[in-house]
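Source file: structure_35.pdb. Holds: PDB, C-alpha atoms, pLDDT in the B column.
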ATOM      1  CA  MET A  14       9.700 -10.614  12.162  1.00 43.00           C
ATOM      2  CA  SER A  15       6.359  -8.866  12.566  1.00 42.00           C
ATOM      3  CA  PHE A  16       4.995  -5.671  11.090  1.00 46.00           C
ATOM      4  CA  ASN A  17       1.880  -3.611  11.675  1.00 43.00           C
ATOM      5  CA  ARG A  18      -0.368  -1.377   9.567  1.00 43.00           C
ATOM      6  CA  ILE A  19       1.390  -1.424   6.201  1.00 43.00           C
ATOM      7  CA  GLY A  20      -1.201  -0.304   3.673  1.00 46.00           C
ATOM      8  CA  VAL A  21      -4.298  -2.445   4.236  1.00 49.00           C
ATOM      9  CA  VAL A  22      -2.353  -5.071   6.178  1.00 54.00           C
ATOM     10  CA  SER A  23      -3.062  -5.052   9.887  1.00 49.00           C
ATOM     11  CA  ALA A  24      -0.585  -7.734  10.974  1.00 54.00           C
ATOM     12  CA  GLY A  25       1.704 -10.355   9.490  1.00 71.00           C
ATOM     13  CA  THR A  26       4.998 -12.180   9.426  1.00 83.00           C
ATOM     14  CA  MET A  27       7.811 -12.147   6.926  1.00 83.00           C
ATOM     15  CA  ASP A  28      11.033 -14.039   6.270  1.00 87.00           C
ATOM     16  CA  THR A  29      14.152 -11.952   5.678  1.00 88.00           C
ATOM     17  CA  GLY A  30      16.258 -15.044   4.996  1.00 90.00           C
ATOM     18  CA  ILE A  31      14.785 -16.231   1.692  1.00 90.00           C
ATOM     19  CA  GLU A  32      15.196 -14.754  -1.774  1.00 93.00           C
ATOM     20  CA  ALA A  33      12.110 -13.098  -3.220  1.00 95.00           C
ATOM     21  CA  GLN A  34      10.792 -14.620  -6.438  1.00 96.00           C
ATOM     22  CA  PRO A  35       8.148 -13.303  -8.846  1.00 97.00           C
ATOM     23  CA  GLY A  36       4.719 -13.980  -7.393  1.00 95.00           C
ATOM     24  CA  HIS A  37       5.826 -13.454  -3.779  1.00 95.00           C
ATOM     25  CA  LEU A  38       4.307 -10.766  -1.608  1.00 93.00           C
ATOM     26  CA  VAL A  39       7.202  -8.685  -0.307  1.00 94.00           C
ATOM     27  CA  LEU A  40       8.100  -5.775   1.903  1.00 91.00           C
ATOM     28  CA  ALA A  41      10.188  -3.465  -0.287  1.00 93.00           C
ATOM     29  CA  LYS A  42      11.821  -0.071   0.156  1.00 93.00           C
ATOM     30  CA  LEU A  43      12.442   2.203  -2.789  1.00 93.00           C
ATOM     31  CA  ASP A  44      15.621   4.294  -2.561  1.00 92.00           C
ATOM     32  CA  LYS A  45      13.811   7.652  -2.632  1.00 89.00           C
ATOM     33  CA  GLU A  46      11.060   6.693  -0.172  1.00 89.00           C
ATOM     34  CA  GLU A  47      11.195   6.898   3.622  1.00 90.00           C
ATOM     35  CA  LYS A  48       8.836   3.992   4.244  1.00 89.00           C
ATOM     36  CA  ALA A  49       8.705   0.429   3.001  1.00 88.00           C
ATOM     37  CA  THR A  50       5.719  -0.839   1.035  1.00 87.00           C
ATOM     38  CA  PHE A  51       3.790  -4.124   1.068  1.00 87.00           C
ATOM     39  CA  THR A  52       3.534  -5.204  -2.562  1.00 91.00           C
ATOM     40  CA  LYS A  53       3.783  -8.123  -4.982  1.00 95.00           C
ATOM     41  CA  LEU A  54       6.949  -8.881  -6.927  1.00 97.00           C
ATOM     42  CA  VAL A  55       6.149  -9.647 -10.579  1.00 97.00           C
ATOM     43  CA  SER A  56       8.121 -10.247 -13.769  1.00 96.00           C
ATOM     44  CA  ASP A  57       7.222  -9.300 -17.337  1.00 95.00           C
ATOM     45  CA  ALA A  58       9.555 -10.017 -20.273  1.00 93.00           C
ATOM     46  CA  GLY A  59      12.489 -10.435 -17.870  1.00 92.00           C
ATOM     47  CA  GLN A  60      11.909  -7.103 -16.096  1.00 95.00           C
ATOM     48  CA  LEU A  61      11.031  -7.134 -12.378  1.00 96.00           C
ATOM     49  CA  TYR A  62       8.305  -4.854 -11.041  1.00 97.00           C
ATOM     50  CA  LEU A  63       6.612  -4.087  -7.758  1.00 96.00           C
ATOM     51  CA  LYS A  64       2.864  -4.462  -8.261  1.00 95.00           C
ATOM     52  CA  PRO A  65       0.869  -2.466  -5.696  1.00 91.00           C
ATOM     53  CA  LEU A  66      -2.010  -4.343  -4.069  1.00 85.00           C
ATOM     54  CA  ASN A  67      -4.240  -1.386  -4.928  1.00 85.00           C
ATOM     55  CA  PRO A  68      -5.009  -1.741  -8.675  1.00 86.00           C
ATOM     56  CA  ALA A  69      -5.369   2.056  -8.968  1.00 90.00           C
ATOM     57  CA  TYR A  70      -1.566   2.392  -8.691  1.00 91.00           C
ATOM     58  CA  PRO A  71       0.862   1.577 -11.550  1.00 94.00           C
ATOM     59  CA  LEU A  72       3.605  -1.042 -11.652  1.00 95.00           C
ATOM     60  CA  ILE A  73       6.961   0.203 -10.337  1.00 94.00           C
ATOM     61  CA  PRO A  74       9.958  -1.020 -12.375  1.00 95.00           C
ATOM     62  CA  ILE A  75      12.896  -2.307 -10.336  1.00 94.00           C
ATOM     63  CA  LYS A  76      16.156  -1.034 -11.791  1.00 91.00           C
ATOM     64  CA  GLY A  77      18.554  -1.121  -8.852  1.00 89.00           C
ATOM     65  CA  ASN A  78      16.334   1.389  -7.045  1.00 92.00           C
ATOM     66  CA  CYS A  79      14.791  -1.000  -4.541  1.00 93.00           C
ATOM     67  CA  ARG A  80      15.714  -3.217  -1.591  1.00 94.00           C
ATOM     68  CA  ILE A  81      13.548  -6.230  -0.816  1.00 94.00           C
ATOM     69  CA  ILE A  82      13.409  -6.399   2.983  1.00 92.00           C
ATOM     70  CA  GLY A  83      11.637  -9.734   3.199  1.00 91.00           C
ATOM     71  CA  VAL A  84       9.080 -12.158   1.799  1.00 92.00           C
ATOM     72  CA  VAL A  85       5.676 -12.049   3.455  1.00 88.00           C
ATOM     73  CA  LYS A  86       4.732 -15.453   4.855  1.00 86.00           C
ATOM     74  CA  GLU A  87       1.416 -14.525   6.489  1.00 80.00           C
ATOM     75  CA  ALA A  88      -0.748 -11.419   6.339  1.00 75.00           C
ATOM     76  CA  LYS A  89      -4.144 -10.387   7.677  1.00 71.00           C
ATOM     77  CA  MET A  90      -5.982  -7.753   5.727  1.00 66.00           C
ATOM     78  CA  LYS A  91      -8.826  -5.486   6.776  1.00 62.00           C
ATOM     79  CA  LEU A  92     -11.549  -5.397   4.151  1.00 61.00           C
TER      80      LEU A  92
END
Can you dump the structure from the file as structure tokens?
Amino acid sequence: MSFNRIGVVSAGTMDTGIEAQPGHLVLAKLDKEEKATFTKLVSDAGQLYLKPLNPAYPLIPIKGNCRIIGVVKEAKMKL
């Protein structure tokens, strides 16, 4: 599957058939948001979070409020 222009990502591929693990870059959709976000899945003290790639944004706790669409396998970023 391919996606375009998600945050700073200009192109990439993802796998919807594997389970996301902490440390993976993922495409995730929060229940109250219209669009999915390209972020990193992290774990701290047993709690899962979405860690935005922009360090100016806070961690987002995952508490049943999120669907992981897929694990990013390749991404190209504009710097």
For this structure, which residues satisfy the selection - the PyMOL selection byres ((chain A and resi 28-34) around 8) - when it is evaluated on the file as given? I want them as an mmCIF file with C-alpha atoms, keeping the file's coordinate frame.
data_model
loop_
_atom_site.group_PDB
_atom_site.id
_atom_site.type_symbol
_atom_site.label_atom_id
_atom_site.label_comp_id
_atom_site.auth_asym_id
_atom_site.auth_seq_id
_atom_site.Cartn_x
_atom_site.Cartn_y
_atom_site.Cartn_z
ATOM 1 C CA MET A 14 9.700 -10.614 12.162
ATOM 2 C CA THR A 26 4.998 -12.180 9.426
ATOM 3 C CA MET A 27 7.811 -12.147 6.926
ATOM 4 C CA PRO A 35 8.148 -13.303 -8.846
ATOM 5 C CA GLY A 36 4.719 -13.980 -7.393
ATOM 6 C CA HIS A 37 5.826 -13.454 -3.779
ATOM 7 C CA VAL A 39 7.202 -8.685 -0.307
ATOM 8 C CA LEU A 54 6.949 -8.881 -6.927
ATOM 9 C CA VAL A 55 6.149 -9.647 -10.579
ATOM 10 C CA ILE A 81 13.548 -6.230 -0.816
ATOM 11 C CA ILE A 82 13.409 -6.399 2.983
ATOM 12 C CA GLY A 83 11.637 -9.734 3.199
ATOM 13 C CA VAL A 84 9.080 -12.158 1.799
ATOM 14 C CA VAL A 85 5.676 -12.049 3.455
ATOM 15 C CA LYS A 86 4.732 -15.453 4.855
#
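Relative to CA of Gly59 in chain A, CA of Glu87 in chain A is found at 27.1 Å.
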List as JSON, numbers by chain the protein and nucleic acid residues near range 64-78 of chain A, meaning an atom at most 12 Å away when only C-alpha atoms are counted, but skip any in the same chain fewer than 2 places from it. {"A": [19, 20, 21, 22, 35, 36, 37, 38, 39, 40, 41, 42, 43, 44, 45, 46, 50, 51, 52, 53, 54, 55, 56, 57, 58, 59, 60, 61, 62, 80, 81, 90]}
Padding of 8 Å on every side, edges along x, y and z, all listed atoms of range 59-77 of chain A included: what centre and edge lengths in Å, to one decimal, does that box have, as AutoDock Vina command-line options?
--center_x 6.6 --center_y -4.0 --center_z -11.0 --size_x 39.9 --size_y 28.8 --size_z 29.8
